[in-house]
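Visitor: This one is work01.txt, compact mmCIF, C-alpha atoms.
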```txt
# COMPACT_ATOMS: atom_id res chain seq x y z
CA MET A 103 0.26 -3.48 31.63
CA ASN A 104 1.37 -1.36 28.68
CA GLY A 105 -1.67 0.37 27.24
CA MET A 106 -2.99 -2.78 25.56
CA ILE A 107 -4.87 -4.52 28.36
CA VAL A 108 -6.81 -3.58 31.48
CA SER A 109 -7.65 -5.65 34.54
CA ALA A 110 -11.14 -6.47 35.75
CA ALA A 111 -10.45 -4.39 38.87
CA TRP A 112 -9.53 -1.33 36.77
CA LEU A 113 -12.63 -1.65 34.59
CA ASN A 114 -14.88 -2.05 37.62
CA GLU A 115 -13.46 1.13 39.13
CA ASN A 116 -13.95 3.05 35.87
CA LEU A 117 -17.17 1.45 34.66
CA GLU A 118 -19.17 4.68 34.78
CA MET A 119 -16.70 6.86 32.87
CA PRO A 120 -18.77 8.38 30.04
CA GLU A 121 -16.11 7.96 27.36
CA ILE A 122 -15.68 4.21 27.99
CA ILE A 123 -17.56 1.84 25.69
CA ILE A 124 -17.43 -1.86 26.55
CA LEU A 125 -17.74 -4.35 23.72
CA ASP A 126 -18.82 -7.96 24.19
CA ALA A 127 -17.13 -9.88 21.38
CA ARG A 128 -18.04 -13.49 22.10
CA LEU A 129 -19.10 -15.80 19.29
CA ARG A 130 -22.87 -15.95 19.34
CA TYR A 131 -23.03 -19.68 18.71
CA ASP A 132 -19.78 -20.76 20.27
CA PRO A 133 -20.03 -24.41 21.40
CA ALA A 134 -17.39 -23.67 24.04
CA SER A 135 -19.74 -21.21 25.73
CA SER A 136 -21.97 -22.31 28.61
CA GLU A 137 -23.91 -20.52 31.31
CA LEU A 138 -22.33 -17.20 30.33
CA ASP A 139 -24.45 -17.00 27.17
CA ASP A 140 -27.21 -14.79 28.63
CA LEU A 141 -25.00 -12.53 30.79
CA ARG A 142 -22.72 -9.63 30.02
CA ILE A 143 -20.78 -6.91 31.81
CA LYS A 144 -23.11 -4.10 32.82
CA GLY A 145 -23.67 -1.81 29.83
CA ALA A 146 -21.64 -3.85 27.33
CA ARG A 147 -22.56 -3.59 23.66
CA ILE A 148 -22.59 -6.63 21.38
CA PHE A 149 -19.78 -6.65 18.81
CA ASP A 150 -21.00 -9.09 16.14
CA LEU A 151 -17.75 -10.25 14.59
CA GLU A 152 -19.36 -12.85 12.35
CA GLY A 153 -22.11 -10.50 11.16
CA ASP A 154 -21.75 -6.72 11.12
CA PHE A 155 -17.96 -6.79 11.35
CA SER A 156 -17.04 -9.38 8.70
CA ASP A 157 -16.97 -9.10 4.93
CA LYS A 158 -19.80 -11.43 3.92
CA LYS A 159 -18.85 -11.18 0.24
CA ASN A 160 -15.47 -12.72 0.99
CA PRO A 161 -15.48 -16.52 0.59
CA PHE A 162 -13.14 -16.93 3.56
CA PRO A 163 -14.36 -16.69 7.18
CA ASN A 164 -14.00 -13.66 9.48
CA ALA A 165 -12.60 -11.50 6.68
CA LEU A 166 -11.84 -7.89 7.56
CA PRO A 167 -14.73 -5.66 6.41
CA SER A 168 -14.27 -2.56 4.28
CA PRO A 169 -13.53 0.69 6.15
CA GLY A 170 -17.02 1.91 5.22
CA GLN A 171 -18.75 -1.14 6.65
CA PHE A 172 -16.63 -1.02 9.79
CA GLU A 173 -17.31 2.69 10.25
CA ASN A 174 -21.09 2.34 9.81
CA SER A 175 -21.29 -0.65 12.15
CA CYS A 176 -19.32 1.23 14.81
CA ARG A 177 -21.59 4.26 14.50
CA LYS A 178 -24.65 2.04 15.01
CA LEU A 179 -23.08 0.92 18.30
CA GLY A 180 -22.74 4.56 19.36
CA ILE A 181 -18.95 4.54 19.09
CA ASN A 182 -17.30 7.94 18.67
CA LYS A 183 -13.87 9.09 17.57
CA SER A 184 -13.21 10.00 21.22
CA SER A 185 -14.40 6.70 22.70
CA MET A 186 -12.14 4.59 24.89
CA ILE A 187 -13.04 1.02 24.01
CA VAL A 188 -12.61 -2.00 26.27
CA VAL A 189 -13.32 -5.32 24.57
CA TYR A 190 -13.78 -8.74 26.13
CA ASP A 191 -14.90 -12.24 25.18
CA ASP A 192 -16.25 -15.22 27.09
CA ARG A 193 -13.15 -17.43 26.95
CA GLY A 194 -10.79 -15.08 28.75
CA ILE A 195 -8.59 -14.20 25.79
CA TYR A 196 -9.76 -15.42 22.40
CA LEU A 197 -11.73 -13.08 20.12
CA SER A 198 -10.92 -9.84 21.91
CA PRO A 199 -7.38 -9.44 20.43
CA ARG A 200 -8.89 -9.77 16.95
CA VAL A 201 -11.25 -6.87 17.72
CA TRP A 202 -8.36 -4.89 19.23
CA TRP A 203 -6.38 -5.40 16.02
CA MET A 204 -9.34 -4.47 13.80
CA PHE A 205 -9.76 -1.12 15.54
CA LYS A 206 -6.02 -0.49 15.22
CA VAL A 207 -6.20 -1.27 11.50
CA MET A 208 -9.08 1.18 11.19
CA GLY A 209 -7.07 3.93 12.86
CA HIS A 210 -8.58 3.89 16.37
CA GLN A 211 -5.78 3.61 18.92
CA ASN A 212 -7.77 4.05 22.13
CA ILE A 213 -8.75 0.42 22.67
CA ARG A 214 -7.87 -2.11 25.38
CA VAL A 215 -8.51 -5.80 25.96
CA LEU A 216 -10.00 -6.94 29.26
CA ASP A 217 -7.43 -9.43 30.55
CA GLY A 218 -9.25 -12.54 31.71
CA GLY A 219 -12.39 -11.58 29.83
CA PHE A 220 -15.84 -12.32 31.14
CA PRO A 221 -14.82 -15.41 33.16
CA GLY A 222 -12.35 -13.30 35.14
CA TRP A 223 -14.91 -10.54 35.59
CA LYS A 224 -17.57 -12.94 36.85
CA LYS A 225 -15.12 -14.76 39.14
CA ALA A 226 -14.26 -11.43 40.77
CA GLY A 227 -17.96 -10.90 41.54
CA TYR A 228 -18.34 -7.69 39.53
CA ARG A 229 -21.62 -6.44 38.06
CA THR A 230 -23.32 -8.40 35.30
CA GLU A 231 -26.71 -8.18 33.64
CA LYS A 232 -28.88 -10.11 31.23
CA VAL A 233 -28.17 -9.64 27.54
CA VAL A 234 -30.98 -7.56 26.01
CA ASP A 235 -31.33 -5.55 22.82
CA MET A 236 -30.07 -1.99 23.17
CA LYS A 237 -30.35 1.09 20.98
CA PHE A 238 -27.76 3.85 20.88
CA ASP A 239 -27.40 7.38 19.59
CA THR A 240 -25.47 7.25 16.32
CA GLY A 241 -21.76 7.73 16.90
CA ASN A 242 -19.28 9.73 14.83
CA PHE A 243 -16.61 7.04 14.52
CA LYS A 244 -14.33 7.56 11.52
CA ALA A 245 -12.33 4.72 9.97
CA ASP A 246 -8.82 5.50 8.75
CA PHE A 247 -7.61 2.23 7.22
CA ASN A 248 -3.92 1.33 7.58
CA PRO A 249 -3.00 -1.17 4.82
CA ASP A 250 0.46 -1.69 6.29
CA MET A 251 -1.04 -3.80 9.07
CA VAL A 252 -2.59 -6.38 6.72
CA VAL A 253 -1.09 -8.92 4.32
CA ASP A 254 -3.04 -10.62 1.52
CA PHE A 255 -2.42 -13.80 -0.46
CA GLU A 256 -0.28 -11.98 -3.03
CA GLY A 257 1.92 -10.58 -0.29
CA ILE A 258 2.36 -14.02 1.27
CA SER A 259 3.14 -15.53 -2.13
CA ASN A 260 5.77 -12.88 -2.88
CA ASN A 261 7.30 -13.43 0.53
CA LEU A 262 7.98 -17.09 -0.25
CA LYS A 263 10.91 -15.94 -2.40
CA SER A 264 11.91 -12.66 -0.82
CA ARG A 265 11.56 -13.78 2.82
CA LYS A 266 11.40 -10.13 3.80
CA ALA A 267 8.96 -11.04 6.57
CA LEU A 268 8.77 -13.97 8.98
CA VAL A 269 5.41 -15.75 9.04
CA ILE A 270 4.27 -17.01 12.45
CA ASP A 271 1.44 -19.55 12.61
CA ALA A 272 -0.67 -19.48 15.78
CA ARG A 273 -2.41 -22.82 15.24
CA SER A 274 -1.68 -25.84 17.44
CA SER A 275 1.53 -27.76 16.78
CA ASP A 276 -0.44 -30.78 15.52
CA ARG A 277 -2.33 -28.66 13.00
CA PHE A 278 0.81 -26.81 11.92
CA HIS A 279 2.62 -30.09 11.24
CA GLY A 280 -0.42 -31.67 9.57
CA LEU A 281 -0.79 -34.42 12.16
CA VAL A 282 -4.52 -33.88 12.65
CA PRO A 283 -7.34 -32.88 10.27
CA GLU A 284 -8.25 -29.21 9.96
CA PRO A 285 -11.54 -28.22 11.67
CA ARG A 286 -12.91 -27.07 8.33
CA LYS A 287 -13.90 -30.10 6.31
CA GLU A 288 -11.98 -30.75 3.08
CA LEU A 289 -9.31 -28.18 3.98
CA ARG A 290 -5.92 -29.72 3.40
CA ARG A 291 -3.35 -30.04 6.14
CA GLY A 292 0.01 -28.31 6.29
CA ASN A 293 1.55 -24.87 6.70
CA ILE A 294 2.86 -21.92 4.75
CA PRO A 295 6.44 -22.65 3.58
CA ASN A 296 9.17 -21.07 5.75
CA SER A 297 6.69 -20.23 8.52
CA ILE A 298 7.28 -21.03 12.18
CA ASN A 299 4.82 -22.16 14.82
CA ILE A 300 3.93 -20.34 18.05
CA PRO A 301 0.57 -21.79 19.23
CA TYR A 302 -1.60 -19.09 20.75
CA GLU A 303 -1.97 -21.06 23.98
CA THR A 304 1.74 -20.57 24.69
CA VAL A 305 1.23 -16.84 25.38
CA LEU A 306 -1.72 -17.38 27.75
CA LYS A 307 -2.14 -18.62 31.29
CA ASP A 308 -5.45 -19.08 33.11
CA GLY A 309 -7.36 -17.04 30.55
CA LYS A 310 -4.95 -14.09 30.69
CA PHE A 311 -1.78 -13.04 28.92
CA LYS A 312 1.37 -14.31 30.57
CA SER A 313 3.60 -11.86 32.42
CA LEU A 314 6.07 -9.76 30.45
CA GLY A 315 8.93 -11.95 31.63
CA GLU A 316 7.15 -15.11 30.52
CA LEU A 317 6.31 -13.58 27.14
CA LYS A 318 9.94 -12.64 26.62
CA GLU A 319 10.78 -16.32 27.11
CA VAL A 320 8.19 -17.34 24.51
CA PHE A 321 9.69 -14.93 21.97
CA ALA A 322 13.33 -15.32 23.04
CA ASP A 323 14.37 -16.86 19.73
CA LEU A 324 12.98 -13.84 17.88
CA GLU A 325 14.64 -11.14 19.96
CA GLY A 326 17.26 -10.47 17.29
CA GLU A 327 14.84 -10.89 14.39
CA GLY A 328 14.70 -7.61 12.52
CA ARG A 329 12.18 -8.57 9.85
CA PRO A 330 8.48 -7.69 10.06
CA LEU A 331 6.38 -10.45 11.60
CA VAL A 332 3.29 -11.71 9.80
CA PHE A 333 0.81 -13.63 11.94
CA SER A 334 -1.42 -16.34 10.57
CA CYS A 335 -3.72 -19.05 11.95
CA GLY A 336 -6.84 -20.77 10.66
CA SER A 337 -8.91 -17.71 9.77
CA GLY A 338 -7.12 -14.68 11.22
CA VAL A 339 -8.54 -14.74 14.76
CA THR A 340 -6.03 -16.45 17.05
CA ALA A 341 -3.20 -14.93 15.01
CA CYS A 342 -4.09 -11.66 16.72
CA ILE A 343 -3.52 -13.20 20.17
CA VAL A 344 0.11 -13.97 19.37
CA LEU A 345 0.54 -10.65 17.55
CA MET A 346 -0.69 -8.78 20.61
CA ALA A 347 1.62 -10.76 22.89
CA SER A 348 4.56 -10.03 20.59
CA GLU A 349 3.84 -6.31 20.75
CA MET A 350 4.22 -6.52 24.52
CA SER A 351 7.72 -7.97 24.28
CA LEU A 352 9.20 -7.24 20.81
CA LYS A 353 9.71 -4.14 18.67
CA ASN A 354 9.14 -5.66 15.22
CA ASP A 355 6.55 -4.36 12.79
CA ASN A 356 3.52 -6.65 12.96
CA LYS A 357 0.97 -7.63 10.33
CA VAL A 358 -1.82 -10.19 10.02
CA TYR A 359 -2.41 -12.45 7.06
CA ASP A 360 -6.17 -11.99 7.12
CA GLY A 361 -7.05 -15.02 4.98
CA SER A 362 -4.62 -17.21 6.94
CA TRP A 363 -4.36 -20.96 6.34
CA THR A 364 -7.98 -21.27 5.16
CA GLU A 365 -7.26 -19.00 2.21
CA TYR A 366 -3.72 -20.17 1.52
CA ALA A 367 -4.62 -23.86 1.54
CA GLN A 368 -7.50 -23.38 -0.87
CA LEU A 369 -5.69 -21.08 -3.28
CA THR A 370 -2.64 -23.36 -3.46
CA ASP A 371 -4.48 -26.68 -3.40
```
Show me, as structure tokens, the structure contained in the file I just sent.

Guide:
Amino acid sequence: MNGMIVSAAWLNENLEMPEIIILDARLRYDPASSELDDLRIKGARIFDLEGDFSDKKNPFPNALPSPGQFENSCRKLGINKSSMIVVYDDRGIYLSPRVWWMFKVMGHQNIRVLDGGFPGWKKAGYRTEKVVDMKFDTGNFKADFNPDMVVDFEGISNNLKSRKALVIDARSSDRFHGLVPEPRKELRRGNIPNSINIPYETVLKDGKFKSLGELKEVFADLEGEGRPLVFSCGSGVTACIVLMASEMSLKNDNKVYDGSWTEYAQLTD
């Protein structure tokens, strides 16, 4: 589509290219998963977002790991500086944009998201195999962290007065407006002051990103917005879905508030 996503048909045609590494980024214990749990795309390597690729010392979930941790975990998966990475998840589009963004933050530009994910791949009848443990030759991946793509609590707090950036919340409308409890117990309801709401579902259709024309309609009100856009959600995952969609249709600088509402709500409680 524009160097960010690939179709199942394209990946099937290029599955044996030696430089391609396929990453399976589903949540290991995702209650939304079903019969797909024990299958993967042929040759895919498990990207453990909650384990190897999260900062376990951080009190907030799914926190971006240090460049060193990210680099070492990538090397264990056999990822090289020259690798072309294709990442997918088992919901169609859910975790994969977060992984795409993480690699971008760490300086690796050659990464794509499989549009439609594993459900689309399986529906097309392409090759799958049972999930088994795999060992790889150590890769030479090198992390080159770009701090300009990430916003922390201090940056969000400073922005409350300066309004130099526009914060976009990817949670559902009900959660954004505090009409329903947060999934995390004891986390207060609400939103970051001056933020706007674009639920991540509004940029998706049938497990894939909407067409460019449809995405332009979603972001029509922001077409003249010159400020950087900061994307937030519950814990920094679905924020990346809307960020990725915005990059397909807007030219603004994009950042992610990694701690998102989970951090903001607790630090301002």

Visitor: Would you compute the distance between CA of Trp363 (chain A) and CA of Gly338 (chain A)? Give it in Å to one decimal.

Guide: 8.4 Å

Visitor: For Gln211 (chain A), which residue among A:Tyr190, A:Phe247, A:Leu352, A:Asp235 is the nearest when counting all atoms listed in the file?

Guide: A:Phe247

Visitor: Is there a way to get, as a VMD selection string, all residues within 12 Å of the point (-4.6, -30.5, 10.0) in file coordinates, counting all atoms listed in the file?

Guide: chain A and resid 273 to 293 335 to 336 363 to 364 367

Visitor: Within 6 Å of (8.9, -12.3, 22.1) (coordinates as in the file), grab all the protein and nucleic acid residues, counting only C-alpha atoms, and write them out as an MDAnalysis selection string.

Guide: chainID A and resid 317:318 320:322 348 351:352

Visitor: Which residue is closest to Leu141 (chain A)? Choose from A:Arg200, A:Lys224, A:Lys159, A:Lys183 and count all atoms listed in the file.

Guide: A:Lys224

Visitor: Calculate how many Å separate CA of Asp250 (chain A) from CA of Val207 (chain A), rounding to one decimal.

Guide: 8.5 Å

Visitor: Counting only C-alpha atoms, figure out which residue out of A:Val358, A:Ile213, A:Val201, A:Leu331 gets nearest to Lys266 (chain A).

Guide: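 Checking each candidate against Lys266 (chain A), we get A:Leu331 as the closest.
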
Visitor: Counting only C-alpha atoms, which residue out of A:Ser109, A:Asn299, A:Ser337, A:Gln368 sits closest to Gly222 (chain A)?

Guide: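 Looking only at the distances to Gly222 (chain A), the closest residue turns out to be A:Ser109.
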
Visitor: Could you check how far CA of Arg142 (chain A) sits from CA of Ser198 (chain A), in Å to one decimal?

Guide: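 Computing the Euclidean distance for CA of Arg142 (chain A) and CA of Ser198 (chain A) yields 14.3 Å.
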
Visitor: Neighbouring residues of region 123-130 of chain A were defined as those with any atom within 7 Å, considering all atoms listed in the file; residues of the same chain fewer than 3 positions away were excluded. Please report them as a list in words.

Guide: Ala146, Arg147, Ile148, Phe149, Asp150, Leu151, Ser185, Met186, Ile187, Val188, Val189, Tyr190, Asp191, Asp192, Leu197 and Ser198 of chain A
